Amino acid sequence: QVQLVESGGGLVQAGGSLSLSCAASGRTFNDNRVGWFRQAPGKEREFVAGISWRGGSSYYGDSVKGRFTISRDNAKNTVYLQMNSLKPEDTAVYYCAGSRRWASGNYIYASDYDYWGRGTQVTVSS
């Protein structure tokens with residue numbers, strides 16, 4: 001069983017940057033796809049970014065394209081989300097998730113993922 005722990009959240013001013021980490025323990029998730037999602041109060045969980053198991057393919061939600069970058073270091077069993085040019089509307093709890101599935105295509109739905117971390121709060125002030 002893989003446990004995921006997110007870290008790196010916090011309070012930042014608009015225009016600033018944060019780097020989130022998602023560390024896996026228990027078992028490796030190096031052969032799993034990983035995604036980042038976020039959920040703001042009163043809103044549905046939203047896909048942010050996803051990455052293939054080797055890191056050769058990444059994809060993003062429209063609202064973060066050009067500002068966020070997902071990467072992974074399989075030697076460290078960790079996936080990262082670099083967030084630049086942050087906006088107040090980026091305020092949310094950010095979750096990472098892993099998928100054991102092998103189907104092709106981009107995994108952009110929460111139902112594509114099998115296990116989740118507990119999330120880390122990101123707050124962007126205006």
# chains A, B, ... in the order shown; residues from 1 in each chain; ligands from 1
$ residues_around --residues "range 102-104 of chain A" --least-positions-apart "6" --cutoff "10 Å" --atoms "only C-alpha atoms" --output "list in words"
Asp31, Asn32, Arg33, Trp53 and Asp112 of chain A
$ write_last_selection --atoms "C-alpha atoms" --output "CSV table (one decimal), in the first residue's frame"
chain,number,residue,atom,x,y,z
A,31,ASP,CA,5.4,2.8,-12.1
A,32,ASN,CA,2.2,4.8,-11.4
A,33,ARG,CA,0.9,7.9,-13.0
A,53,TRP,CA,5.3,7.1,-14.7
A,112,ASP,CA,-8.8,7.8,-12.8
$ residues_around --residues "Tyr80 in chain A" --least-positions-apart "6" --cutoff "9 Å" --atoms "only C-alpha atoms" --output "list in words"
Ser19, Leu20, Ser21, Cys22, Ala23, Thr69, Ile70, Ser71, Arg72 and Asp73 of chain A
$ residues_around --residues "Thr123 in chain A" --least-positions-apart "3" --cutoff "8 Å" --atoms "only C-alpha atoms" --output "count of residues only"
8
$ closest_residue --among "A:Asn84, A:Thr78, A:Gln39, A:Gln3" --to "Gly55 in chain A" --atoms "only C-alpha atoms"
A:Thr78
$ atom_distance --atom1 "CA of Val79 in chain A" --atom2 "CA of Glu46 in chain A"
18.1 Å
$ select_by_dssp --residues "chain A" --states "helix (DSSP H, G or I)" --output "list of chain:residue names"
A:Asn74, A:Ala75, A:Lys76, A:Pro88, A:Glu89, A:Asp90, A:Ala110, A:Ser111, A:Asp112
$ write_last_selection --atoms "all heavy atoms" --output "mmCIF file, in the first residue's frame"
data_model
loop_
_atom_site.group_PDB
_atom_site.id
_atom_site.type_symbol
_atom_site.label_atom_id
_atom_site.label_comp_id
_atom_site.auth_asym_id
_atom_site.auth_seq_id
_atom_site.Cartn_x
_atom_site.Cartn_y
_atom_site.Cartn_z
ATOM 1 N N ASN A 74 11.928 9.832 -9.417
ATOM 2 C CA ASN A 74 11.612 8.472 -8.974
ATOM 3 C C ASN A 74 12.641 7.929 -7.989
ATOM 4 O O ASN A 74 12.324 7.063 -7.176
ATOM 5 C CB ASN A 74 11.452 7.549 -10.178
ATOM 6 C CG ASN A 74 10.133 7.764 -10.897
ATOM 7 O OD1 ASN A 74 9.227 8.403 -10.368
ATOM 8 N ND2 ASN A 74 10.031 7.252 -12.107
ATOM 9 N N ALA A 75 13.862 8.424 -8.053
ATOM 10 C CA ALA A 75 14.868 7.989 -7.089
ATOM 11 C C ALA A 75 14.492 8.420 -5.674
ATOM 12 O O ALA A 75 14.850 7.762 -4.697
ATOM 13 C CB ALA A 75 16.231 8.555 -7.462
ATOM 14 N N LYS A 76 13.756 9.526 -5.581
ATOM 15 C CA LYS A 76 13.317 10.038 -4.282
ATOM 16 C C LYS A 76 11.864 9.705 -4.004
ATOM 17 O O LYS A 76 11.329 10.116 -2.965
ATOM 18 C CB LYS A 76 13.521 11.550 -4.218
ATOM 19 C CG LYS A 76 14.976 11.978 -4.295
ATOM 20 C CD LYS A 76 15.114 13.491 -4.154
ATOM 21 C CE LYS A 76 16.580 13.898 -4.181
ATOM 22 N NZ LYS A 76 16.751 15.381 -4.061
ATOM 23 N N PRO A 88 -5.175 34.725 -6.728
ATOM 24 C CA PRO A 88 -6.088 34.405 -5.623
ATOM 25 C C PRO A 88 -6.990 33.219 -5.943
ATOM 26 O O PRO A 88 -7.328 32.440 -5.038
ATOM 27 C CB PRO A 88 -6.881 35.704 -5.455
ATOM 28 C CG PRO A 88 -5.939 36.770 -5.902
ATOM 29 C CD PRO A 88 -5.184 36.168 -7.054
ATOM 30 N N GLU A 89 -7.364 33.052 -7.195
ATOM 31 C CA GLU A 89 -8.236 31.931 -7.566
ATOM 32 C C GLU A 89 -7.528 30.580 -7.523
ATOM 33 O O GLU A 89 -8.162 29.535 -7.709
ATOM 34 C CB GLU A 89 -8.868 32.152 -8.939
ATOM 35 C CG GLU A 89 -7.885 32.519 -10.038
ATOM 36 C CD GLU A 89 -7.789 34.018 -10.269
ATOM 37 O OE1 GLU A 89 -7.734 34.781 -9.272
ATOM 38 O OE2 GLU A 89 -7.749 34.412 -11.456
ATOM 39 N N ASP A 90 -6.216 30.576 -7.273
ATOM 40 C CA ASP A 90 -5.484 29.322 -7.076
ATOM 41 C C ASP A 90 -5.619 28.817 -5.637
ATOM 42 O O ASP A 90 -5.162 27.708 -5.326
ATOM 43 C CB ASP A 90 -4.002 29.488 -7.402
ATOM 44 C CG ASP A 90 -3.747 29.778 -8.874
ATOM 45 O OD1 ASP A 90 -4.388 29.128 -9.723
ATOM 46 O OD2 ASP A 90 -2.902 30.652 -9.162
ATOM 47 N N ALA A 110 -10.819 12.540 -11.260
ATOM 48 C CA ALA A 110 -10.496 11.975 -9.957
ATOM 49 C C ALA A 110 -10.706 10.461 -9.954
ATOM 50 O O ALA A 110 -9.958 9.735 -9.290
ATOM 51 C CB ALA A 110 -11.340 12.644 -8.873
ATOM 52 N N SER A 111 -11.657 10.002 -10.708
ATOM 53 C CA SER A 111 -11.961 8.569 -10.763
ATOM 54 C C SER A 111 -10.872 7.763 -11.486
ATOM 55 O O SER A 111 -10.878 6.539 -11.425
ATOM 56 C CB SER A 111 -13.313 8.331 -11.439
ATOM 57 O OG SER A 111 -13.319 8.879 -12.746
ATOM 58 N N ASP A 112 -9.941 8.439 -12.139
ATOM 59 C CA ASP A 112 -8.817 7.758 -12.790
ATOM 60 C C ASP A 112 -7.762 7.325 -11.772
ATOM 61 O O ASP A 112 -6.862 6.556 -12.109
ATOM 62 C CB ASP A 112 -8.136 8.676 -13.802
ATOM 63 C CG ASP A 112 -9.017 8.979 -14.999
ATOM 64 O OD1 ASP A 112 -9.851 8.121 -15.363
ATOM 65 O OD2 ASP A 112 -8.883 10.085 -15.570
#
$ atom_distance --atom1 "CA of Tyr59 in chain A" --atom2 "CA of Thr120 in chain A"
21.0 Å
$ closest_residue --among "A:Leu86, A:Arg27, A:Gly50, A:Cys96" --to "Val124 in chain A" --atoms "only C-alpha atoms"
A:Leu86
$ closest_residue --among "A:Gly26, A:Gly98, A:Gly15, A:Gly117" --to "Ile51 in chain A" --atoms "only C-alpha atoms"
A:Gly98
$ residues_around --residues "Tyr109 in chain A" --least-positions-apart "2" --cutoff "12 Å" --atoms "only C-alpha atoms" --output "compact mmCIF listing (two decimals) with N, CA, C and O atoms, in the first residue's frame"
# COMPACT_ATOMS: atom_id res chain seq x y z
N VAL A 34 0.89 9.92 -11.69
CA VAL A 34 0.57 10.76 -10.54
C VAL A 34 -0.09 12.04 -11.04
O VAL A 34 0.28 12.57 -12.09
N GLY A 35 -1.05 12.50 -10.29
CA GLY A 35 -1.72 13.74 -10.64
C GLY A 35 -1.85 14.65 -9.44
O GLY A 35 -1.79 14.21 -8.29
N TRP A 36 -2.02 15.93 -9.73
CA TRP A 36 -2.36 16.93 -8.71
C TRP A 36 -3.76 17.44 -8.99
O TRP A 36 -4.09 17.74 -10.15
N PHE A 37 -4.54 17.54 -7.94
CA PHE A 37 -5.87 18.12 -8.00
C PHE A 37 -5.96 19.20 -6.93
O PHE A 37 -5.14 19.27 -6.03
N ARG A 38 -6.99 20.03 -7.03
CA ARG A 38 -7.23 21.01 -5.99
C ARG A 38 -8.73 21.16 -5.78
O ARG A 38 -9.54 20.88 -6.67
N GLU A 44 -16.06 21.86 -6.78
CA GLU A 44 -15.68 20.48 -7.04
C GLU A 44 -14.16 20.36 -7.17
O GLU A 44 -13.47 21.34 -7.46
N ARG A 45 -13.68 19.14 -6.96
CA ARG A 45 -12.25 18.89 -7.12
C ARG A 45 -11.87 19.08 -8.59
O ARG A 45 -12.52 18.58 -9.49
N GLU A 46 -10.79 19.80 -8.79
CA GLU A 46 -10.37 20.21 -10.13
C GLU A 46 -9.02 19.61 -10.48
O GLU A 46 -8.09 19.67 -9.66
N PHE A 47 -8.88 19.08 -11.68
CA PHE A 47 -7.61 18.56 -12.14
C PHE A 47 -6.64 19.72 -12.37
O PHE A 47 -6.99 20.74 -12.98
N VAL A 48 -5.41 19.55 -11.89
CA VAL A 48 -4.38 20.58 -12.04
C VAL A 48 -3.29 20.12 -13.01
O VAL A 48 -2.97 20.81 -13.98
N ALA A 49 -2.70 18.95 -12.74
CA ALA A 49 -1.58 18.48 -13.57
C ALA A 49 -1.41 16.99 -13.39
O ALA A 49 -1.74 16.43 -12.35
N GLY A 50 -0.86 16.33 -14.42
CA GLY A 50 -0.58 14.91 -14.35
C GLY A 50 0.74 14.60 -15.01
O GLY A 50 1.22 15.36 -15.87
N TYR A 60 -1.73 19.48 -18.27
CA TYR A 60 -2.20 20.47 -17.30
C TYR A 60 -3.64 20.86 -17.55
O TYR A 60 -4.13 20.83 -18.68
N GLY A 61 -4.28 21.28 -16.48
CA GLY A 61 -5.58 21.90 -16.61
C GLY A 61 -5.45 23.27 -17.25
O GLY A 61 -4.42 23.94 -17.12
N ALA A 97 -2.36 12.39 -6.15
CA ALA A 97 -3.03 11.11 -6.28
C ALA A 97 -2.23 10.21 -7.21
O ALA A 97 -1.58 10.70 -8.14
N GLY A 98 -2.32 8.91 -6.99
CA GLY A 98 -1.62 7.94 -7.82
C GLY A 98 -2.59 6.99 -8.50
O GLY A 98 -3.65 6.68 -7.95
N SER A 99 -2.21 6.55 -9.69
CA SER A 99 -3.06 5.62 -10.44
C SER A 99 -2.23 4.40 -10.83
O SER A 99 -1.13 4.53 -11.37
N GLY A 105 -3.65 7.62 -22.63
CA GLY A 105 -4.41 8.86 -22.53
C GLY A 105 -4.07 9.63 -21.27
O GLY A 105 -3.33 9.15 -20.41
N ASN A 106 -4.60 10.82 -21.16
CA ASN A 106 -4.38 11.67 -20.00
C ASN A 106 -5.40 11.36 -18.91
O ASN A 106 -6.59 11.26 -19.18
N TYR A 107 -4.92 11.27 -17.71
CA TYR A 107 -5.79 10.97 -16.57
C TYR A 107 -6.17 12.29 -15.91
O TYR A 107 -5.41 12.83 -15.11
N SER A 111 -11.66 10.00 -10.71
CA SER A 111 -11.96 8.57 -10.76
C SER A 111 -10.87 7.76 -11.49
O SER A 111 -10.88 6.54 -11.42
N ASP A 112 -9.94 8.44 -12.14
CA ASP A 112 -8.82 7.76 -12.79
C ASP A 112 -7.76 7.32 -11.77
O ASP A 112 -6.86 6.56 -12.11
N TYR A 113 -7.87 7.82 -10.55
CA TYR A 113 -6.82 7.63 -9.55
C TYR A 113 -7.29 6.72 -8.44
O TYR A 113 -8.48 6.70 -8.09
N ASP A 114 -6.34 5.97 -7.89
CA ASP A 114 -6.67 4.92 -6.93
C ASP A 114 -6.35 5.27 -5.48
O ASP A 114 -6.93 4.67 -4.57
$ atom_distance --atom1 "CA of Ser25 in chain A" --atom2 "CA of Gln82 in chain A"
21.2 Å
$ closest_residue --among "A:Arg101, A:Ser63, A:Asn77, A:Tyr94" --to "Trp116 in chain A" --atoms "only C-alpha atoms"
A:Tyr94
$ select_by_dssp --residues "range 19-90 of chain A" --states "strand (DSSP E or B)" --output "VMD selection string"
chain A and resid 19 to 25 33 to 39 46 to 51 58 to 60 68 to 73 78 to 83
